$ cat work.csv   # CSV, C-alpha atoms and all ligand atoms
chain,number,residue,atom,x,y,z
A,1,MET,CA,-28.3,-10.2,-5.8
A,2,ASN,CA,-29.4,-8.5,-8.9
A,3,ASP,CA,-30.0,-5.2,-7.3
A,4,ARG,CA,-26.7,-5.3,-5.5
A,5,TYR,CA,-25.4,-2.2,-7.4
A,6,SER,CA,-28.7,-0.5,-8.0
A,7,ARG,CA,-27.9,2.6,-6.1
A,8,GLN,CA,-24.6,3.1,-7.8
A,9,VAL,CA,-26.2,2.4,-11.2
A,10,LEU,CA,-28.9,5.1,-10.4
A,11,PHE,CA,-26.1,7.6,-9.9
A,12,PRO,CA,-25.9,9.5,-13.2
A,13,GLY,CA,-22.0,9.6,-13.2
A,14,ILE,CA,-21.9,5.8,-13.3
A,15,GLY,CA,-25.1,4.3,-14.7
A,16,LYS,CA,-25.4,0.8,-16.3
A,17,GLU,CA,-22.5,1.4,-18.7
A,18,GLY,CA,-20.2,2.7,-15.9
A,19,GLN,CA,-21.0,-0.3,-13.7
A,20,ALA,CA,-20.2,-2.7,-16.6
A,21,LYS,CA,-16.8,-0.9,-17.0
A,22,ILE,CA,-16.1,-1.1,-13.2
A,23,SER,CA,-16.8,-4.9,-13.3
A,24,LYS,CA,-14.1,-5.4,-15.9
A,25,LYS,CA,-11.3,-3.4,-14.2
A,26,HIS,CA,-8.3,-4.5,-12.3
A,27,VAL,CA,-7.1,-2.3,-9.4
A,28,LEU,CA,-3.7,-2.8,-7.7
A,29,ILE,CA,-3.6,-1.5,-4.1
A,30,ILE,CA,-0.2,-1.3,-2.5
A,31,GLY,CA,-0.4,-1.5,1.2
A,32,ALA,CA,-3.2,-3.1,3.4
A,33,GLY,CA,-2.9,-0.8,6.4
A,34,ALA,CA,-5.4,2.0,7.1
A,35,LEU,CA,-5.7,3.4,3.6
A,36,GLY,CA,-5.6,0.0,1.9
A,37,SER,CA,-8.3,-1.5,4.2
A,38,GLY,CA,-10.7,1.3,3.4
A,39,SER,CA,-10.1,1.6,-0.3
A,40,SER,CA,-10.2,-2.1,-0.9
A,41,GLU,CA,-13.4,-2.4,1.0
A,42,ILE,CA,-15.0,0.4,-1.0
A,43,LEU,CA,-13.9,-1.0,-4.4
A,44,ALA,CA,-14.9,-4.5,-3.5
A,45,ARG,CA,-18.4,-3.2,-2.5
A,46,ALA,CA,-18.5,-1.2,-5.7
A,47,GLY,CA,-18.0,-4.4,-7.7
A,48,VAL,CA,-14.6,-3.9,-9.3
A,49,GLY,CA,-13.6,-6.9,-11.4
A,50,LYS,CA,-10.3,-7.7,-9.7
A,51,LEU,CA,-8.4,-6.4,-6.8
A,52,THR,CA,-4.7,-7.1,-6.1
A,53,ILE,CA,-3.5,-6.2,-2.7
A,54,ILE,CA,0.1,-6.3,-1.5
A,55,ASP,CA,1.3,-6.0,2.1
A,56,ARG,CA,4.4,-7.0,4.1
A,57,ASP,CA,3.1,-6.8,7.6
A,58,TYR,CA,0.7,-8.7,9.9
A,59,VAL,CA,-2.2,-7.5,12.0
A,60,GLU,CA,-1.4,-6.0,15.5
A,61,ALA,CA,-3.7,-4.6,18.2
A,62,SER,CA,-2.6,-1.0,17.5
A,63,ASN,CA,-4.0,-1.3,13.9
A,64,LEU,CA,-7.6,-1.9,15.0
A,65,GLN,CA,-8.4,1.8,15.8
A,66,ARG,CA,-8.3,2.7,12.1
A,67,GLN,CA,-7.7,-0.4,9.9
A,68,GLN,CA,-11.3,-1.3,9.2
A,69,LEU,CA,-10.9,-4.8,7.6
A,70,TYR,CA,-9.4,-6.3,10.7
A,71,THR,CA,-10.7,-7.9,13.9
A,72,GLU,CA,-9.4,-9.0,17.3
A,73,GLU,CA,-9.3,-12.6,16.0
A,74,ASP,CA,-6.8,-11.5,13.2
A,75,VAL,CA,-4.6,-10.0,16.0
A,76,ALA,CA,-4.8,-13.1,18.1
A,77,GLU,CA,-3.8,-15.2,15.0
A,78,LYS,CA,-1.1,-12.7,13.9
A,79,LEU,CA,-2.5,-13.0,10.4
A,80,PRO,CA,-0.6,-11.2,7.6
A,81,LYS,CA,-2.7,-8.2,6.6
A,82,ALA,CA,-2.9,-9.4,3.0
A,83,ALA,CA,-4.3,-12.8,4.1
A,84,ALA,CA,-6.8,-11.2,6.6
A,85,ALA,CA,-7.8,-8.6,4.0
A,86,GLU,CA,-8.4,-11.4,1.4
A,87,LYS,CA,-10.6,-13.3,3.8
A,88,ARG,CA,-12.7,-10.3,4.7
A,89,LEU,CA,-13.0,-8.9,1.1
A,90,ARG,CA,-14.2,-12.3,-0.1
A,91,ALA,CA,-16.9,-12.3,2.6
A,92,ILE,CA,-18.0,-8.8,1.5
A,93,ASN,CA,-18.2,-9.5,-2.2
A,94,GLY,CA,-17.7,-13.0,-3.6
A,95,ASP,CA,-17.9,-11.8,-7.2
A,96,VAL,CA,-14.7,-9.8,-7.0
A,97,GLU,CA,-11.5,-11.7,-7.9
A,98,ILE,CA,-9.1,-11.1,-5.0
A,99,GLN,CA,-5.3,-11.6,-5.3
A,100,ALA,CA,-3.5,-11.1,-2.0
A,101,ILE,CA,0.3,-11.0,-1.9
A,102,ILE,CA,2.2,-11.2,1.4
A,103,GLY,CA,5.5,-9.5,0.7
A,104,ASP,CA,7.3,-6.3,-0.2
A,105,ALA,CA,6.3,-4.3,-3.2
A,106,ILE,CA,9.7,-4.4,-5.0
A,107,PRO,CA,10.1,-3.3,-8.6
A,108,GLU,CA,10.5,-6.9,-9.9
A,109,LEU,CA,7.2,-7.9,-8.3
A,110,LEU,CA,5.4,-4.8,-9.6
A,111,GLU,CA,6.7,-5.2,-13.1
A,112,GLU,CA,5.4,-8.8,-13.1
A,113,LEU,CA,2.0,-7.8,-11.8
A,114,VAL,CA,1.0,-4.7,-13.7
A,115,GLY,CA,0.3,-6.3,-17.1
A,116,ASP,CA,-3.5,-6.0,-17.0
A,117,VAL,CA,-3.7,-3.5,-14.1
A,118,ASP,CA,-5.9,-0.4,-15.0
A,119,LEU,CA,-5.2,1.7,-11.9
A,120,MET,CA,-3.0,1.7,-8.8
A,121,LEU,CA,-3.8,3.1,-5.4
A,122,ASP,CA,-1.2,4.3,-3.0
A,123,ALA,CA,-1.8,2.9,0.5
A,124,THR,CA,1.8,2.7,1.6
A,125,ASP,CA,3.5,4.4,4.5
A,126,ASN,CA,6.8,5.1,2.9
A,127,PHE,CA,8.3,7.3,0.3
A,128,GLU,CA,10.5,4.7,-1.4
A,129,THR,CA,7.5,2.6,-2.4
A,130,ARG,CA,5.6,5.7,-3.7
A,131,MET,CA,8.5,6.8,-5.9
A,132,MET,CA,8.6,3.2,-7.3
A,133,MET,CA,4.9,3.2,-8.0
A,134,ASN,CA,5.4,6.6,-9.7
A,135,ASP,CA,8.0,5.1,-12.1
A,136,ILE,CA,5.9,2.0,-12.8
A,137,SER,CA,3.0,4.3,-13.6
A,138,GLN,CA,5.0,6.3,-16.1
A,139,LYS,CA,6.8,3.2,-17.6
A,140,TYR,CA,3.6,1.2,-18.2
A,141,ASN,CA,1.2,4.1,-18.6
A,142,ILE,CA,-1.1,3.3,-15.7
A,143,PRO,CA,-2.7,6.1,-13.6
A,144,TRP,CA,-2.2,6.0,-9.8
A,145,ILE,CA,-3.6,8.0,-6.9
A,146,TYR,CA,-1.3,9.3,-4.2
A,147,GLY,CA,-2.7,9.5,-0.7
A,148,ALA,CA,-1.1,10.1,2.7
A,149,CYS,CA,-2.2,11.1,6.2
A,150,VAL,CA,-0.7,11.8,9.6
A,151,GLY,CA,-2.5,13.2,12.7
A,152,SER,CA,-5.6,15.0,11.5
A,153,PHE,CA,-3.9,16.0,8.2
A,154,GLY,CA,-4.2,14.3,4.9
A,155,MET,CA,-3.6,14.8,1.2
A,156,SER,CA,-4.3,13.2,-2.2
A,157,PHE,CA,-3.4,13.7,-5.8
A,158,SER,CA,-4.2,11.8,-9.0
A,159,ILE,CA,-1.4,11.1,-11.4
A,160,ILE,CA,-2.2,10.3,-15.0
A,161,PRO,CA,0.8,9.7,-17.3
A,162,GLY,CA,1.0,12.1,-20.1
A,163,LYS,CA,-1.6,14.4,-18.6
A,164,THR,CA,-0.6,15.5,-15.0
A,165,PRO,CA,2.7,16.1,-13.4
A,166,CYS,CA,4.1,13.0,-11.7
A,167,LEU,CA,5.1,12.7,-8.0
A,168,ASN,CA,8.7,13.3,-8.8
A,169,CYS,CA,7.7,16.6,-10.5
A,170,LEU,CA,5.7,17.6,-7.5
A,171,LEU,CA,8.6,17.3,-5.1
A,172,ARG,CA,10.0,20.5,-6.6
A,173,THR,CA,6.9,22.3,-5.2
A,174,ILE,CA,5.8,20.3,-2.2
A,175,PRO,CA,8.3,18.7,0.2
A,176,LEU,CA,6.4,15.4,0.5
A,177,GLN,CA,9.4,13.5,1.8
A,178,GLY,CA,8.9,15.1,5.2
A,179,MET,CA,5.6,13.3,5.7
A,180,THR,CA,6.2,10.4,8.0
A,181,CYS,CA,3.8,8.5,10.1
A,182,ASP,CA,5.7,8.6,13.3
A,183,THR,CA,5.0,12.2,14.3
A,184,GLY,CA,2.0,12.5,16.6
A,185,GLY,CA,-0.2,9.6,15.9
A,186,ILE,CA,-3.3,9.6,13.6
A,187,ILE,CA,-7.1,9.8,13.9
A,188,SER,CA,-9.3,7.6,11.8
A,189,PRO,CA,-11.4,10.4,10.3
A,190,ALA,CA,-8.3,11.7,8.6
A,191,VAL,CA,-7.7,8.3,7.1
A,192,GLN,CA,-11.3,8.1,5.9
A,193,MET,CA,-11.1,11.5,4.3
A,194,VAL,CA,-8.1,10.4,2.2
A,195,ILE,CA,-9.8,7.2,1.3
A,196,ALA,CA,-12.9,9.1,0.2
A,197,HIS,CA,-10.8,11.3,-2.1
A,198,GLN,CA,-8.8,8.4,-3.5
A,199,THR,CA,-11.7,6.1,-4.2
A,200,ALA,CA,-13.9,8.9,-5.7
A,201,GLU,CA,-11.2,9.6,-8.2
A,202,ALA,CA,-10.7,5.9,-8.7
A,203,MET,CA,-14.4,5.5,-9.6
A,204,LYS,CA,-14.2,8.3,-12.1
A,205,MET,CA,-11.2,6.6,-13.7
A,206,LEU,CA,-12.8,3.2,-13.7
A,207,VAL,CA,-15.8,4.5,-15.6
A,208,GLU,CA,-13.4,6.4,-17.8
A,209,ASP,CA,-15.0,9.8,-17.0
A,210,TRP,CA,-11.6,11.5,-17.4
A,211,ASP,CA,-13.0,15.0,-17.5
A,212,ALA,CA,-14.4,14.6,-14.0
A,213,VAL,CA,-11.1,13.6,-12.5
A,214,ARG,CA,-9.7,16.2,-10.1
A,215,THR,CA,-6.4,17.7,-11.3
A,216,SER,CA,-5.6,19.7,-8.2
A,217,PHE,CA,-3.7,18.6,-5.2
A,218,VAL,CA,-5.9,18.3,-2.1
A,219,SER,CA,-4.8,18.7,1.5
A,220,PHE,CA,-6.8,19.2,4.6
A,221,ASP,CA,-6.6,19.3,8.4
A,222,LEU,CA,-9.8,18.0,10.1
A,223,TRP,CA,-8.8,19.3,13.5
A,224,ARG,CA,-7.8,22.8,12.4
A,225,ASN,CA,-10.8,23.0,9.9
A,226,GLN,CA,-8.6,23.6,6.9
A,227,TYR,CA,-9.2,22.4,3.3
A,228,THR,CA,-6.9,23.4,0.4
A,229,SER,CA,-7.0,22.6,-3.3
A,230,MET,CA,-4.0,23.6,-5.3
A,231,LYS,CA,-3.7,23.8,-9.1
A,232,MET,CA,-0.7,21.7,-10.2
A,233,SER,CA,-0.7,22.1,-14.0
A,234,LYS,CA,2.5,24.2,-13.9
A,235,ALA,CA,4.3,21.7,-11.8
A,236,LYS,CA,5.2,19.4,-14.7
A,237,PHE,CA,9.0,19.5,-15.2
A,238,ALA,CA,10.5,18.7,-18.6
A,239,GLY,CA,13.7,17.4,-17.0
A,240,CYS,CA,11.9,15.0,-14.7
A,241,LEU,CA,13.7,11.6,-14.6
A,242,SER,CA,10.4,9.8,-14.1
A,243,CYS,CA,8.1,11.5,-16.7
A,244,GLY,CA,10.4,13.8,-18.7
A,245,GLU,CA,11.8,13.5,-22.2
A,246,GLU,CA,15.0,11.8,-21.0
A,247,ARG,CA,13.5,9.6,-18.3
A,248,THR,CA,15.5,6.8,-16.7
A,249,TYR,CA,12.9,5.6,-14.1
A,250,PRO,CA,15.5,5.9,-11.3
A,251,TYR,CA,13.3,4.3,-8.6
A,252,LEU,CA,13.0,1.0,-10.6
A,253,ASP,CA,16.8,0.4,-10.2
A,254,HIS,CA,17.0,-2.5,-7.9
A,255,GLU,CA,20.4,-1.4,-6.6
A,256,ASN,CA,18.6,1.6,-5.1
A,257,MET,CA,16.3,-0.5,-3.0
A,258,THR,CA,17.5,-0.8,0.6
A,259,LYS,CA,17.5,-4.3,1.9
A,260,THR,CA,17.3,-3.3,5.6
A,261,THR,CA,14.8,-0.7,6.6
A,262,VAL,CA,13.4,0.8,9.8
A,263,LEU,CA,9.6,0.5,9.5
A,264,CYS,CA,7.6,3.7,9.6
A,265,GLY,CA,7.0,4.9,13.1
A,266,ARG,CA,7.9,1.7,15.0
A,267,ASP,CA,10.7,0.0,16.8
A,268,THR,CA,10.9,-2.5,14.0
A,269,VAL,CA,13.5,-3.3,11.4
A,270,GLN,CA,12.7,-5.2,8.2
A,271,ILE,CA,15.4,-7.4,6.6
A,272,ARG,CA,14.9,-8.8,3.1
A,273,PRO,CA,17.2,-11.6,2.0
A,274,SER,CA,19.4,-10.8,-1.0
A,275,ALA,CA,18.4,-14.0,-2.8
A,276,ALA,CA,14.7,-14.8,-3.2
A,277,GLY,CA,13.4,-18.2,-2.3
A,278,GLU,CA,10.9,-19.9,-0.1
A,279,ILE,CA,11.9,-21.3,3.3
A,280,SER,CA,10.2,-24.1,5.2
A,281,LEU,CA,8.7,-22.5,8.2
A,282,GLU,CA,7.8,-25.9,9.7
A,283,GLN,CA,11.4,-27.1,9.5
A,284,LEU,CA,12.7,-23.8,10.9
A,285,SER,CA,10.2,-23.9,13.7
A,286,GLY,CA,11.4,-27.4,14.7
A,287,GLN,CA,15.1,-26.4,14.6
A,288,LEU,CA,14.5,-23.3,16.7
A,289,SER,CA,12.3,-25.1,19.3
A,290,GLY,CA,15.1,-27.7,19.5
A,291,LEU,CA,17.5,-24.9,20.4
A,292,GLY,CA,15.2,-23.8,23.2
A,293,TYR,CA,13.6,-20.8,21.6
A,294,THR,CA,9.9,-19.9,22.1
A,295,VAL,CA,8.3,-20.2,18.7
A,296,LYS,CA,4.8,-19.4,17.7
A,297,GLY,CA,3.2,-19.1,14.3
A,298,ASN,CA,0.7,-19.8,11.6
A,299,PRO,CA,1.0,-21.1,8.0
A,300,TYR,CA,2.3,-17.7,6.9
A,301,LEU,CA,4.9,-16.7,9.5
A,302,LEU,CA,6.9,-17.7,12.6
A,303,SER,CA,7.4,-15.5,15.7
A,304,VAL,CA,10.5,-16.1,17.8
A,305,GLU,CA,11.3,-14.5,21.1
A,306,ILE,CA,14.9,-13.6,21.7
A,307,GLY,CA,15.2,-11.9,25.0
A,308,THR,CA,13.4,-8.6,24.9
A,309,GLU,CA,13.2,-8.7,21.1
A,310,ARG,CA,11.0,-10.6,18.8
A,311,ILE,CA,11.7,-11.7,15.2
A,312,VAL,CA,8.9,-12.5,12.8
A,313,ILE,CA,9.9,-14.6,9.7
A,314,PHE,CA,7.8,-14.9,6.6
A,315,GLN,CA,7.9,-17.7,3.9
A,316,ASP,CA,10.0,-15.6,1.6
A,317,GLY,CA,12.8,-15.3,4.2
A,318,ARG,CA,11.9,-11.7,5.0
A,319,ALA,CA,12.0,-10.8,8.7
A,320,LEU,CA,10.6,-8.1,10.9
A,321,ILE,CA,12.7,-7.5,14.1
A,322,HIS,CA,10.6,-5.9,16.8
A,323,GLY,CA,12.1,-4.0,19.7
A,324,THR,CA,15.0,-2.3,17.9
A,325,LYS,CA,15.8,0.5,15.5
A,326,ASP,CA,19.5,-0.5,15.3
A,327,LEU,CA,20.2,-1.9,11.8
A,328,THR,CA,23.4,-3.7,12.7
A,329,HIS,CA,21.9,-5.3,15.8
A,330,ALA,CA,18.9,-6.4,13.8
A,331,LYS,CA,21.1,-7.9,11.2
A,332,SER,CA,23.1,-9.9,13.8
A,333,LEU,CA,19.8,-11.3,15.3
A,334,TYR,CA,18.7,-12.3,11.7
A,335,GLN,CA,22.0,-14.1,11.2
A,336,ARG,CA,21.6,-15.9,14.5
A,337,ILE,CA,18.2,-17.2,13.6
A,338,LEU,CA,18.4,-17.7,9.8
A,339,GLY,CA,22.1,-18.3,9.4
A,401,ZN,ZN,7.6,14.0,-13.4
$ encode --input "work.csv" --output "structure tokens" --more "lines below"
Ligand SMILES: [Zn+2]
Amino acid sequence: MNDRYSRQVLFPGIGKEGQAKISKKHVLIIGAGALGSGSSEILARAGVGKLTIIDRDYVEASNLQRQQLYTEEDVAEKLPKAAAAEKRLRAINGDVEIQAIIGDAIPELLEELVGDVDLMLDATDNFETRMMMNDISQKYNIPWIYGACVGSFGMSFSIIPGKTPCLNCLLRTIPLQGMTCDTGGIISPAVQMVIAHQTAEAMKMLVEDWDAVRTSFVSFDLWRNQYTSMKMSKAKFAGCLSCGEERTYPYLDHENMTKTTVLCGRDTVQIRPSAAGEISLEQLSGQLSGLGYTVKGNPYLLSVEIGTERIVIFQDGRALIHGTKDLTHAKSLYQRILG
């Protein structure tokens, strides 16, 4: 497939030289939901050298409306999104090295991973992870591209260490914490618009055309027909704990990471075990079936029915408890199943 990238090479902003650069770059995408599905597909098709994608969830029917990598078969198999994304991305472009990680993007994991990463893309649904990406970006000098959407509204901003303000600086101007995904649903075109902004900036950075990179903060509402681009050069704050002179990277402090979280916009609680370690799903499945529980699963996870609730357990001991937002109750169910 020699002419695979011909149209992209013909594009003056990329050319042969740019394509050669793209093919040597490593992009880390955090999250394989709506934004991660789209941006990983675009970058795989564009011929990036390596893609690493991290996600903690599995594919459900309500994802199919906007998460373009997934199919009804993935829903039926309850495949983890990272595994389903890997399968699909490999089918799209066999030349791209794909590293898929089923798990939570915690600071330790990111610090281990980012050694040869050239760029990070935000495809998460929560503020905690974004702030952590922001600190990793500053500490290891890796650009990252923020992106978020809800309803018909979306926004994006490129963060280049030493050049632009960071996300922590921006919070003084824009109250981004208020953006959650559980208010009023979402339409796919809003997702695609954010993906278009993030991946266009990503391509500029991958070909090292730094002058072309957008430095303004973009936000839009596709239903209300609004599009805004705000200059951000004055938002950089000297006292910022993430990018300022006396930085401490507060979001990389593991003690600050919550172990039990209500997942964005859902009746689901995630519990992460305090000690890391693999568990044998096969053994656990046998034990729980023996105790009379209804257990289903695949090589990556087990799904156990407990009355009206359902607990999904991953190999790393992490669990999603569906049907509740009550942290104490979720913890007691976790204890019951995993001791
Ligand atoms: Zn800052």
$ closest_atom_pairs --input "work.csv" --of "chain A" --to "ligand ZN 401 (chain A)" --cutoff "12 Å" --atoms "all atoms listed in the file" --output "Markdown table"
| residue | atom | partner | partner_atom | distance |
| --- | --- | --- | --- | --- |
| A:Met131 | CA | A:ZN401 | ZN | 10.4 |
| A:Asn134 | CA | A:ZN401 | ZN | 8.6 |
| A:Asp135 | CA | A:ZN401 | ZN | 9.0 |
| A:Ser137 | CA | A:ZN401 | ZN | 10.7 |
| A:Gln138 | CA | A:ZN401 | ZN | 8.6 |
| A:Lys139 | CA | A:ZN401 | ZN | 11.6 |
| A:Ile159 | CA | A:ZN401 | ZN | 9.7 |
| A:Ile160 | CA | A:ZN401 | ZN | 10.6 |
| A:Pro161 | CA | A:ZN401 | ZN | 8.9 |
| A:Gly162 | CA | A:ZN401 | ZN | 9.6 |
| A:Lys163 | CA | A:ZN401 | ZN | 10.6 |
| A:Thr164 | CA | A:ZN401 | ZN | 8.5 |
| A:Pro165 | CA | A:ZN401 | ZN | 5.3 |
| A:Cys166 | CA | A:ZN401 | ZN | 4.0 |
| A:Leu167 | CA | A:ZN401 | ZN | 6.1 |
| A:Asn168 | CA | A:ZN401 | ZN | 4.8 |
| A:Cys169 | CA | A:ZN401 | ZN | 3.9 |
| A:Leu170 | CA | A:ZN401 | ZN | 7.2 |
| A:Leu171 | CA | A:ZN401 | ZN | 9.0 |
| A:Arg172 | CA | A:ZN401 | ZN | 9.7 |
| A:Thr173 | CA | A:ZN401 | ZN | 11.7 |
| A:Met232 | CA | A:ZN401 | ZN | 11.8 |
| A:Ser233 | CA | A:ZN401 | ZN | 11.6 |
| A:Lys234 | CA | A:ZN401 | ZN | 11.4 |
| A:Ala235 | CA | A:ZN401 | ZN | 8.5 |
| A:Lys236 | CA | A:ZN401 | ZN | 6.1 |
| A:Phe237 | CA | A:ZN401 | ZN | 6.0 |
| A:Ala238 | CA | A:ZN401 | ZN | 7.6 |
| A:Gly239 | CA | A:ZN401 | ZN | 7.9 |
| A:Cys240 | CA | A:ZN401 | ZN | 4.6 |
| A:Leu241 | CA | A:ZN401 | ZN | 6.7 |
| A:Ser242 | CA | A:ZN401 | ZN | 5.1 |
| A:Cys243 | CA | A:ZN401 | ZN | 4.2 |
| A:Gly244 | CA | A:ZN401 | ZN | 6.0 |
| A:Glu245 | CA | A:ZN401 | ZN | 9.8 |
| A:Glu246 | CA | A:ZN401 | ZN | 10.8 |
| A:Arg247 | CA | A:ZN401 | ZN | 8.8 |
| A:Thr248 | CA | A:ZN401 | ZN | 11.2 |
| A:Tyr249 | CA | A:ZN401 | ZN | 10.0 |
| A:Pro250 | CA | A:ZN401 | ZN | 11.5 |
$ closest_residue --input "work.csv" --among "A:Glu41, A:Glu128, A:Asp122, A:Glu208" --to "A:Glu86" --atoms "only C-alpha atoms"
A:Glu41
$ atom_distance --input "work.csv" --atom1 "atom CA of A:Arg45" --atom2 "atom CA of A:Gly185"
28.9 Å
$ closest_residue --input "work.csv" --among "A:Asp326, A:Asp118, A:Asp209, A:Glu278" --to "A:Thr52" --atoms "only C-alpha atoms"
A:Asp118
$ closest_atom_pairs --input "work.csv" --of "stretch 188-235 of chain A" --to "stretch 5-13 of chain A" --cutoff "12 Å" --atoms "all atoms listed in the file" --output "CSV"
residue,atom,partner,partner_atom,distance
A:Ala200,CA,A:Gly13,CA,11.1
A:Glu201,CA,A:Gly13,CA,11.9
A:Met203,CA,A:Gly13,CA,9.4
A:Lys204,CA,A:Gly13,CA,8.0
A:Met205,CA,A:Gly13,CA,11.2
A:Leu206,CA,A:Gly13,CA,11.2
A:Val207,CA,A:Gly13,CA,8.4
A:Glu208,CA,A:Gly13,CA,10.3
A:Asp209,CA,A:Gly13,CA,8.0
A:Trp210,CA,A:Gly13,CA,11.4
A:Asp211,CA,A:Gly13,CA,11.3
A:Ala212,CA,A:Gly13,CA,9.1
A:Val213,CA,A:Gly13,CA,11.6
$ atom_distance --input "work.csv" --atom1 "atom CA of A:Ser274" --atom2 "atom CA of A:Glu108"
13.2 Å
$ closest_residue --input "work.csv" --among "A:His197, A:Arg336, A:His329, A:Arg56" --to "A:Ala105" --atoms "all atoms listed in the file"
A:Arg56
$ atom_distance --input "work.csv" --atom1 "atom CA of A:Asp55" --atom2 "atom CA of A:Pro80"
7.8 Å
$ closest_residue --input "work.csv" --among "A:Phe127, A:Tyr300, A:Trp223, A:Trp144" --to "A:Gln315" --atoms "all atoms listed in the file"
A:Tyr300
$ closest_residue --input "work.csv" --among "A:Pro189, A:Gly15, A:Gly147, A:Gly115" --to "A:Phe217" --atoms "only C-alpha atoms"
A:Gly147
$ closest_residue --input "work.csv" --among "A:Gln67, A:Ser216, A:Asn93, A:Thr261" --to "A:Tyr146" --atoms "all atoms listed in the file"
A:Ser216
$ residues_around --input "work.csv" --residues "A:Leu79" --least-positions-apart "5" --cutoff "8 Å" --atoms "all atoms listed in the file" --output "ChimeraX atom specification"
/A:58-59,74,84,298,300
$ write_last_selection --input "work.csv" --atoms "C-alpha atoms" --output "compact mmCIF listing (two decimals), keeping the file's coordinate frame"
# COMPACT_ATOMS: atom_id res chain seq x y z
CA TYR A 58 0.70 -8.70 9.90
CA VAL A 59 -2.20 -7.50 12.00
CA ASP A 74 -6.80 -11.50 13.20
CA ALA A 84 -6.80 -11.20 6.60
CA ASN A 298 0.70 -19.80 11.60
CA TYR A 300 2.30 -17.70 6.90
